[in-house]
There are 2 protein chains.
Amino acid sequence: MLGLMQNWPLTVDKIIDHAKDWHGGREVVSRSIEGPIVRTTYAQIHERAKRLSNALLALGVRPGDRVATLAWNTGRHIETWYAIMGIGAVCHTLNPRLFADQLCYIINHAEDKVLFTDLTFLPVLLERRADMPTVKHIVVMTDEAHMGACAIPGALCLEALVAENSADCAWGGFDENTAAGLCYTSGTTGNPKGVLYSHRSNFLHTLVTMGVDVLGISARDTVLPVVPMFHANAWGLAMSGPATGAKLVMPGQKLDGASVHELIVSEGVTFSAAVPTVWQMLLTHLRETKGQVPTLKRVVIGGSAVPEAIVRGFRDEYGVEVTHAWGMTETSPLGTQATPNAAIAGMDAESQLRYQLKQGRPPLAMEMKLTDDEGARLPHDGTTFGKLKVKGPFVVGEYFKGDGGEILDPEGFFDTGDVATIDEHGFMQITDRAKDVIKSGGEWISSIEIENIAVGHPKAALAAVIGAFHPKWDERPVLLVKLEAGVQATKDEFLAFLEGKIAKWWTPDDVVFVDDIPLGATGKIDKKLIRERMKDYVLPTARAKESA
Amino acid sequence: MLGLMQNWPLTVDKIIDHAKDWHGGREVVSRSIEGPIVRTTYAQIHERAKRLSNALLALGVRPGDRVATLAWNTGRHIETWYAIMGIGAVCHTLNPRLFADQLCYIINHAEDKVLFTDLTFLPVLLERRADMPTVKHIVVMTDEAHMGACAIPGALCLEALVAENSADCAWGGFDENTAAGLCYTSGTTGNPKGVLYSHRSNFLHTLVTMGVDVLGISARDTVLPVVPMFHANAWGLAMSGPATGAKLVMPGQKLDGASVHELIVSEGVTFSAAVPTVWQMLLTHLRETKGQVPTLKRVVIGGSAVPEAIVRGFRDEYGVEVTHAWGMTETSPLGTQATPNAAIAGMDAESQLRYQLKQGRPPLAMEMKLTDDEGARLPHDGTTFGKLKVKGPFVVGEYFKGDGGEILDPEGFFDTGDVATIDEHGFMQITDRAKDVIKSGGEWISSIEIENIAVGHPKAALAAVIGAFHPKWDERPVLLVKLEAGVQATKDEFLAFLEGKIAKWWTPDDVVFVDDIPLGATGKIDKKLIRERMKDYVLPTARAKESA
C-alpha cells in the first residue's frame, strides 16, 4: 500500500523559488571579478537566472546537456547554476586550478556544450579554444564594458544575455533523479572521474546540511563560502544559503587573509567555510594587524585535516567555534562533522579538543562502516583502523560514463579510499589513504601519523612515509625527509625522535634524505610521484634478508 | 539524463538504525503508565522494536495492514511505531480523547488488524470490543505483572511478545512511497478523514524539522515531547529525536504542570513542545511553587494560537524562548514556525513579539499561498486575508479511501480551511477558519478576532462570533457571550467595548447572552454546534429590513 501524500519532486529550482518567495529581499553580496563589491538579492538572482535559462534554451541547450562553469564564487555564478539546473541541463563545475591539459580532458570527457567563464580565465581559454570542440558557446560572466578584454571569437556577454532574454521561463517538472550537476574528482590515480549529481541528491544534501549539527545555518546568518563552488559544490552552501534565507557573501577570487577579513567585518559575517590554508592565512593576518572578527561565530573546516593550532587560535584568541568536517566530491560532499554530542559537550575544553580534531560523525542519511580487506565490519573502538565505506542518497553510485566500473560493495557501500578509526562516540578519524597505508605482516601502519610526527623534528622541512617492499613483512615503512635549508642530520637522529611517539613496530626501516618532496595541485604530498621516483629503491633490511 | 547517485529509499527504519549506530547509548526516559520512571536507550529501543516486528509477523500482519496504537508518549510507544513501520505495515495512531463511537468508527474505517493499547484504555476497549470486528489481536503495552487488570479475552502482553521473539528481523527494502502511518483528522465537519503518511513523507518531514529555523534540535538537546504521538505525530519528535541523537523524555499520561515540571528538572530538559494549555498549566504551577526551569531553553507551541501572556511569561520570568508553530494532521504536521529572520531579529523585543505571535513562515519544501474564493493569488501585505493553501512532499494528496474526493486545486495546493494573512517578512497569521469567516457584502470579517477582543471584557467568561443571514449583506456578525457567574450586562456595554478596537463595519449587528458556549474535544469553540442551536435565529437588522 502506498501513502497518499503529494507527489512533489525534489528539484533544486524549488530552492531558489523558496528564497525568492520567502526571503526575496535578502542580500547576496559579491566581490566582483571586475573589482567592486556588488549587491543583489535572492529575488533578483531568481529573475536573472530565469533570463539566463531562456538564453541557454536559445543557444540550443537541451535537458541533459552539460554546461560548464569556470568561475569564482560570485552572485553571477549562483545565477548561472540555477539557470542551468532549472531547465534540466547539467551544471559542470570546472576547477581552474587544474593544469590546462586536465581541464581540456574533463571538458571533452563531459562534452560540455556551453562554457561560462570569469574574465580571469580568458587567457587559458583563448590558448586552448581549439582543444574543446564540443563547446559551441563561451559566455563571459561580465558586462559589455568589460568584454573588450575578450579576444575569443564569438564569445557572449552574460549581462547582454540577461538583458536580452525574458524572465518568463518554466523550471522543473522533471523526475527528481534527473542529473543536475557534474564534478570531476581530482584523480590522484588515473584520469579524473565525473560524479553526476541528481536534483534529488542535491536537494537531500541541502536538507541534511541545514541540520543544527551539520552546517546549522539559519535565516539570521551571514554566510561567507570561501570554499569554491567548483570544489565539491562549495559544501552545498550555494543551495543551503537560499534554502534557509541566509545572507551570502561571495568572495570572488580574493581568498587571502586581508580580503577575507575585510568581508567578514564589512558584511558582518557570522559563518564561514574553507580549507585549513585559508584559515591559516586569516589567522596570520589577524595577528599581524591586530584585527578582530566580532560577528564571526563559527567556521567549518574541511578538505584536509584541521591542525590543532587553528582550532586553538580561533577558540582562544577570537572566540570562534571551529567545526571540523569531512567529505569528498563523491559524497556531495558532506560526510561527517565533528559537532559534539551531549557526552562530549560535557567534557572539559581540552578533552573536547581531542574530538574536534577528528573528522566526526555522520548525519542521518549517511551510512558509514569500517571494514578489513575482506569486507568484514570492524569495531568502533577508536583504535582499530579499516577501510572507510559510505552509503546514502547523496553518495555516488557509479561514475559518469561508467568510468571505474562497479564501485559499490555487495552491501551497496562506496569505498572512500580512506583508512579510518571510529570511536565509541561514533567519531571517525582518517588515519591514511588506503593506497598509502603500509601493510606490514598483515597489520596496517598509518603513513600520515608517522609523517605528522617526523615533520615536527626541528630540522625537517617536509616528511613523507611510503611502504617499500620487504620479503618477509610484504611492506615496511621508509621515511623521506627534506631538511631545512643548510642543515645536516642523520638517520638515527630521526629514528630517536620517533621513539616513544609511535609503536615500536611502526619504526621506519630506513630514513632517506631528499632534495624535494613533491606536492600535488591541492597541496597534499604527491605519494604517487614519490613512489615512481623510489621504484628502484631497496630497503636495507630487505637487502640484508636477501643476502642472508 | 538521470544522475548517478545511489538509490537509497527514504524509509523510516533507517532513522532508528541511525540512532542505534551513532547514538546507541543515548537515553529515552519515560514516565511509565504503571507509575515509575523507566530508562532505556536507542539501542535497546531498536532491538525491542525488531522483536516486536517479529511478533507482528507471527500474528499475521502483512505489508499494508493497519496496526493501531491507543497510547500515551512512552518508550514502548516509540518501539511499537518502528516495529510496525519497519515491516511495511501502517501505524495508525488513535486519539483516546475521542468519544468511543468516533474511536470505533475510525478503527472500522481503517480496518485495523492489531491494536496496541496502554492500560489506561482497557475499560473502553472491554466495553466496545464487539464493535471493532476487524481487530484480531489486542496487545497491552505492559508487563506480565500488570496484565492481571486486563479482562479482554485473548489480549496479549507486550513484554511477553518482546521476550518471546527474536531480534533478527529485516526492515525496509520497499518503495519509499509505501504507506507508514495513518492519522484521522478531528473532523469538525462530517466524519473524520484519514491522512495516510508515507515513509518518504515522514523522512522528509524529519529532515526539514531538523533545520535550525524549524524545530532545530541537536544531539545535545534533551527533548520532552508533551504533544502526544497520537496528535499529528508528536510534531515529528519521535522521529527527529532519534534522527539527531537527542535524549527523549516521554511524559506518559501526566501532562499537568507539576508532572511536566518534575521531568524538566530531573532530566534536564532543554526543549519541549506542546499546545498552549499545557504551557499555561506549567506557568501557573511554576508561579505557585516558585519553581524554576534552569535547563529549559526553548518551547515550541502549536495546536492553537499562542496567547501573548504565555510568550511574555516564558521570556520575562524564565528566560525561555517561545517558538510559535502551525500545522495540521494534513501537513505531517509542521507547516510554519515563527522563527525570526534577520530583519525581525534586529528589532526591539516588543516589535519582535508581534511576529512571534503570528504562525510564522514556511520552511523549504512547504509551498504556501493565499487566494480569494476564485483561486487568484492575494498579496503578502500583512492585511489582505485569504484562503491558506499549501503544497509539498509531506502535505496530503488525498484522504484514505478517497474520502472527500479531489482535494487539491489546479496548481496542486491543498486548502487548509484556514483564512490567513501573510506579511512582508513572509510571516503567516491565521485570522479564522474559512467556514467561520463572515462574508459581509463580499468582504471578509474574522470571527476569531472579534471573539478574542470580546472575551477580554471583564464580564465575559466566553465569547463566540458567528455569521447570521442578512438579506442585504449576505451575512452579518452576531456576538454570543457567556457571562461570568452572577453578573449582568447589556448589548450596548459589549458594543461600546469593541468600539475603536475593530473596524466599524465589523461591529456585530447583535449581542446574544447565552448560558453555554460549547467546546469541542480539542478545547476549541464548537461553532458547528452553535450554528445548529442558532439556526432559527434572525438578526434584528434583518427583521428590520424584512419589515421595511
# chains A, B, ... in the order shown; residues from 1 in each chain; ligands from 1
$ interface_residues --of "chain B" --to "chain A" --cutoff "7 Å" --atoms "only C-alpha atoms" --output "ChimeraX atom specification"
/B:1-8,15,18,22,64,177-180,196-198,201,207-208,210-213,216-220,243,341-342,364,392-399,426
$ residues_around --residues "Leu357 of chain B" --least-positions-apart "4" --cutoff "10 Å" --atoms "only C-alpha atoms" --output "PyMOL selection string"
chain B and resi 305-308+311+322-325+338+352-353+427+429
$ residues_around --residues "Asp510 of chain B" --least-positions-apart "5" --cutoff "12 Å" --atoms "only C-alpha atoms" --output "list in words"
Val465, Ile466, Gly467, Ala468, His470, Arg476, Pro477, Val478, Leu479, Leu480, Val481, Thr490, Lys491, Asp492, Glu493, Phe494, Leu495, Tyr537, Val538, Leu539, Pro540, Thr541, Ala542 and Arg543 of chain B
$ residues_around --residues "Ile525 of chain B" --least-positions-apart "2" --cutoff "12 Å" --atoms "only C-alpha atoms" --output "PyMOL selection string"
chain B and resi 188+304+433+436+447-448+451-452+462-466+480+516-523+527-531
$ residues_around --residues "Thr270 of chain B" --least-positions-apart "3" --cutoff "8 Å" --atoms "only C-alpha atoms" --output "list in words"
Asp221, Thr222, Val223, Ile264, Thr295, Leu296, Lys297 and Arg298 of chain B
$ write_last_selection --atoms "C-alpha atoms" --output "PDB file, in the first residue's frame"
ATOM      1  CA  ASP B 221      19.303  18.512  23.454  1.00  0.00           C
ATOM      2  CA  THR B 222      17.052  16.756  25.918  1.00  0.00           C
ATOM      3  CA  VAL B 223      13.624  16.825  24.329  1.00  0.00           C
ATOM      4  CA  ILE B 264      12.067  19.119  33.150  1.00  0.00           C
ATOM      5  CA  THR B 295      17.896  23.934  31.702  1.00  0.00           C
ATOM      6  CA  LEU B 296      14.915  24.770  29.503  1.00  0.00           C
ATOM      7  CA  LYS B 297      15.920  26.914  26.534  1.00  0.00           C
ATOM      8  CA  ARG B 298      13.093  26.678  24.062  1.00  0.00           C
TER       9      ARG B 298
END
$ residues_around --residues "segment 152-154 of chain B" --least-positions-apart "4" --cutoff "10 Å" --atoms "only C-alpha atoms" --output "list in words"
Leu122, Pro123, Leu125, Leu126, Glu127, Arg129, Lys136, His137, Ile138, Val139 and Val140 of chain B
$ select_by_dssp --residues "segment 56-224 of chain B" --states "helix (DSSP H, G or I)" --output "short mmCIF file (atom, residue, chain, number, x, y, z; two decimals) with C-alpha atoms, in the first residue's frame"
data_model
loop_
_atom_site.label_atom_id
_atom_site.label_comp_id
_atom_site.auth_asym_id
_atom_site.auth_seq_id
_atom_site.Cartn_x
_atom_site.Cartn_y
_atom_site.Cartn_z
CA LEU B 56 3.59 -8.77 14.42
CA LEU B 57 4.67 -11.03 11.57
CA ALA B 58 3.80 -14.04 13.72
CA GLY B 75 9.43 4.50 25.05
CA ARG B 76 7.17 1.49 24.43
CA HIS B 77 5.03 3.57 22.08
CA ILE B 78 8.16 4.53 20.10
CA GLU B 79 9.20 0.86 19.89
CA THR B 80 5.74 -0.03 18.63
CA TRP B 81 5.84 2.65 15.92
CA TYR B 82 9.14 1.45 14.49
CA ALA B 83 8.12 -2.22 14.84
CA ILE B 84 5.03 -1.57 12.71
CA MET B 85 6.58 0.72 10.11
CA GLY B 86 9.78 -1.31 9.71
CA ALA B 100 -15.97 5.83 21.98
CA ASP B 101 -18.29 5.98 18.97
CA GLN B 102 -15.78 8.03 16.97
CA LEU B 103 -12.99 5.67 18.02
CA CYS B 104 -14.98 2.69 16.77
CA TYR B 105 -15.82 4.47 13.53
CA ILE B 106 -12.16 5.18 12.89
CA ILE B 107 -10.96 1.67 13.80
CA ASN B 108 -13.54 0.15 11.48
CA HIS B 109 -12.85 2.61 8.68
CA ALA B 110 -9.12 1.89 8.93
CA LEU B 119 -3.54 0.01 30.46
CA THR B 120 -5.47 3.28 30.67
CA PHE B 121 -7.81 2.35 27.86
CA LEU B 122 -8.77 -1.20 28.83
CA PRO B 123 -12.21 -0.19 30.13
CA VAL B 124 -13.37 1.40 26.87
CA LEU B 125 -11.89 -1.45 24.81
CA LEU B 126 -13.57 -4.07 27.00
CA GLU B 127 -16.90 -2.33 26.67
CA ARG B 128 -16.65 -1.83 22.90
CA ARG B 129 -14.65 -4.94 21.91
CA ALA B 130 -17.54 -6.28 19.85
CA ASP B 131 -17.73 -3.06 17.84
CA GLU B 144 3.01 -9.75 32.79
CA ALA B 145 2.71 -8.45 36.34
CA HIS B 146 0.27 -5.75 35.21
CA MET B 147 -1.76 -7.93 32.85
CA GLY B 148 -3.96 -9.01 35.74
CA ALA B 149 -6.08 -5.91 35.27
CA LEU B 158 3.76 -6.56 25.02
CA GLU B 159 6.62 -7.59 27.29
CA ALA B 160 5.85 -11.25 26.68
CA LEU B 161 5.97 -10.66 22.92
CA VAL B 162 9.30 -8.85 23.28
CA ALA B 163 10.72 -11.71 25.34
CA GLU B 164 9.45 -14.48 23.08
CA HIS B 199 7.89 6.61 4.57
CA ARG B 200 9.09 9.32 2.21
CA SER B 201 6.82 11.99 3.67
CA ASN B 202 7.83 11.09 7.22
CA PHE B 203 11.52 11.03 6.36
CA LEU B 204 11.42 14.37 4.54
CA HIS B 205 9.38 15.93 7.35
CA THR B 206 12.05 14.70 9.77
CA LEU B 207 14.87 16.26 7.74
CA VAL B 208 13.02 19.55 7.36
CA THR B 209 12.15 19.80 11.06
#
$ residues_around --residues "Val275 of chain A" --least-positions-apart "3" --cutoff "9 Å" --atoms "only C-alpha atoms" --output "PyMOL selection string"
chain A and resi 226-227+278-279+300-306
$ write_last_selection --atoms "N, CA and C atoms" --output "PDB file, in the first residue's frame"
ATOM      1  N   VAL A 226      33.926  30.558   1.486  1.00  0.00           N
ATOM      2  CA  VAL A 226      35.253  30.726   0.872  1.00  0.00           C
ATOM      3  C   VAL A 226      35.553  29.490   0.023  1.00  0.00           C
ATOM      4  N   VAL A 227      35.109  28.338   0.497  1.00  0.00           N
ATOM      5  CA  VAL A 227      35.293  27.111  -0.280  1.00  0.00           C
ATOM      6  C   VAL A 227      34.638  27.321  -1.652  1.00  0.00           C
ATOM      7  N   VAL A 278      43.227  28.556   4.091  1.00  0.00           N
ATOM      8  CA  VAL A 278      42.554  29.857   4.137  1.00  0.00           C
ATOM      9  C   VAL A 278      42.490  30.369   5.572  1.00  0.00           C
ATOM     10  N   TRP A 279      42.183  29.474   6.496  1.00  0.00           N
ATOM     11  CA  TRP A 279      42.055  29.891   7.894  1.00  0.00           C
ATOM     12  C   TRP A 279      43.405  30.245   8.480  1.00  0.00           C
ATOM     13  N   VAL A 300      33.539  26.343   9.519  1.00  0.00           N
ATOM     14  CA  VAL A 300      33.621  24.918   9.215  1.00  0.00           C
ATOM     15  C   VAL A 300      34.872  24.713   8.375  1.00  0.00           C
ATOM     16  N   ILE A 301      35.660  23.733   8.783  1.00  0.00           N
ATOM     17  CA  ILE A 301      36.930  23.482   8.116  1.00  0.00           C
ATOM     18  C   ILE A 301      36.941  22.060   7.586  1.00  0.00           C
ATOM     19  N   GLY A 302      37.281  21.924   6.313  1.00  0.00           N
ATOM     20  CA  GLY A 302      37.370  20.600   5.722  1.00  0.00           C
ATOM     21  C   GLY A 302      38.359  20.621   4.583  1.00  0.00           C
ATOM     22  N   GLY A 303      38.370  19.543   3.797  1.00  0.00           N
ATOM     23  CA  GLY A 303      39.276  19.482   2.658  1.00  0.00           C
ATOM     24  C   GLY A 303      40.578  18.788   2.997  1.00  0.00           C
ATOM     25  N   SER A 304      41.091  19.063   4.182  1.00  0.00           N
ATOM     26  CA  SER A 304      42.171  18.244   4.736  1.00  0.00           C
ATOM     27  C   SER A 304      42.118  18.402   6.255  1.00  0.00           C
ATOM     28  N   ALA A 305      42.861  17.558   6.946  1.00  0.00           N
ATOM     29  CA  ALA A 305      42.760  17.511   8.409  1.00  0.00           C
ATOM     30  C   ALA A 305      43.089  18.874   9.011  1.00  0.00           C
ATOM     31  N   VAL A 306      42.306  19.285   9.984  1.00  0.00           N
ATOM     32  CA  VAL A 306      42.477  20.606  10.571  1.00  0.00           C
ATOM     33  C   VAL A 306      43.586  20.561  11.636  1.00  0.00           C
TER      34      VAL A 306
END
$ atom_distance --atom1 "atom CA of Pro96 of chain A" --atom2 "atom CA of Lys193 of chain A"
16.3 Å
$ atom_distance --atom1 "atom CA of Arg51 of chain B" --atom2 "atom CA of Cys169 of chain B"
7.5 Å
$ select_by_dssp --residues "segment 271-438 of chain A" --states "strand (DSSP E)" --output "PyMOL selection string"
chain A and resi 271-274+298-301+321-327+334-337+367-371+386-391+414-422+428-433+438
$ decode --residues "segment 129-149 of chain A" --atoms "N, CA and C atoms" --output "JSON list (two decimals), in the first residue's frame"
[["chain", "number", "residue", "atom", "x", "y", "z"],
["A", 129, "ARG", "N", 41.32, 27.10, -27.02],
["A", 129, "ARG", "CA", 39.96, 27.06, -27.58],
["A", 129, "ARG", "C", 39.78, 25.91, -28.55],
["A", 130, "ALA", "N", 40.80, 25.63, -29.33],
["A", 130, "ALA", "CA", 40.70, 24.58, -30.34],
["A", 130, "ALA", "C", 40.64, 23.18, -29.74],
["A", 131, "ASP", "N", 41.05, 23.07, -28.49],
["A", 131, "ASP", "CA", 41.11, 21.75, -27.86],
["A", 131, "ASP", "C", 39.81, 21.36, -27.15],
["A", 132, "MET", "N", 38.77, 22.19, -27.32],
["A", 132, "MET", "CA", 37.49, 21.86, -26.68],
["A", 132, "MET", "C", 36.37, 21.98, -27.71],
["A", 133, "PRO", "N", 36.40, 21.05, -28.70],
["A", 133, "PRO", "CA", 35.50, 21.19, -29.86],
["A", 133, "PRO", "C", 34.01, 21.03, -29.51],
["A", 134, "THR", "N", 33.67, 20.36, -28.41],
["A", 134, "THR", "CA", 32.24, 20.21, -28.10],
["A", 134, "THR", "C", 31.62, 21.53, -27.64],
["A", 135, "VAL", "N", 32.48, 22.45, -27.16],
["A", 135, "VAL", "CA", 31.97, 23.72, -26.63],
["A", 135, "VAL", "C", 31.55, 24.63, -27.77],
["A", 136, "LYS", "N", 30.23, 24.84, -27.90],
["A", 136, "LYS", "CA", 29.71, 25.65, -29.00],
["A", 136, "LYS", "C", 29.74, 27.13, -28.66],
["A", 137, "HIS", "N", 29.57, 27.45, -27.36],
["A", 137, "HIS", "CA", 29.49, 28.85, -26.96],
["A", 137, "HIS", "C", 30.26, 29.08, -25.67],
["A", 138, "ILE", "N", 30.96, 30.21, -25.62],
["A", 138, "ILE", "CA", 31.60, 30.64, -24.38],
["A", 138, "ILE", "C", 30.91, 31.92, -23.92],
["A", 139, "VAL", "N", 30.45, 31.90, -22.67],
["A", 139, "VAL", "CA", 29.77, 33.07, -22.11],
["A", 139, "VAL", "C", 30.69, 33.68, -21.06],
["A", 140, "VAL", "N", 31.03, 34.94, -21.23],
["A", 140, "VAL", "CA", 31.91, 35.61, -20.28],
["A", 140, "VAL", "C", 31.04, 36.29, -19.22],
["A", 141, "MET", "N", 31.31, 35.96, -17.95],
["A", 141, "MET", "CA", 30.46, 36.41, -16.85],
["A", 141, "MET", "C", 30.83, 37.83, -16.46],
["A", 142, "THR", "N", 30.50, 38.75, -17.35],
["A", 142, "THR", "CA", 30.80, 40.16, -17.09],
["A", 142, "THR", "C", 29.81, 41.02, -17.88],
["A", 143, "ASP", "N", 30.04, 42.34, -17.86],
["A", 143, "ASP", "CA", 29.17, 43.25, -18.61],
["A", 143, "ASP", "C", 29.85, 43.67, -19.91],
["A", 144, "GLU", "N", 29.10, 44.39, -20.73],
["A", 144, "GLU", "CA", 29.62, 44.80, -22.04],
["A", 144, "GLU", "C", 30.90, 45.62, -21.90],
["A", 145, "ALA", "N", 30.94, 46.47, -20.87],
["A", 145, "ALA", "CA", 32.10, 47.36, -20.70],
["A", 145, "ALA", "C", 33.40, 46.57, -20.52],
["A", 146, "HIS", "N", 33.29, 45.39, -19.93],
["A", 146, "HIS", "CA", 34.50, 44.59, -19.68],
["A", 146, "HIS", "C", 34.74, 43.53, -20.74],
["A", 147, "MET", "N", 33.89, 43.46, -21.74],
["A", 147, "MET", "CA", 34.08, 42.45, -22.78],
["A", 147, "MET", "C", 35.25, 42.78, -23.69],
["A", 148, "GLY", "N", 35.68, 44.01, -23.67],
["A", 148, "GLY", "CA", 36.79, 44.44, -24.52],
["A", 148, "GLY", "C", 38.01, 43.55, -24.40],
["A", 149, "ALA", "N", 38.23, 43.06, -23.18],
["A", 149, "ALA", "CA", 39.41, 42.24, -22.92],
["A", 149, "ALA", "C", 39.33, 40.87, -23.58]]
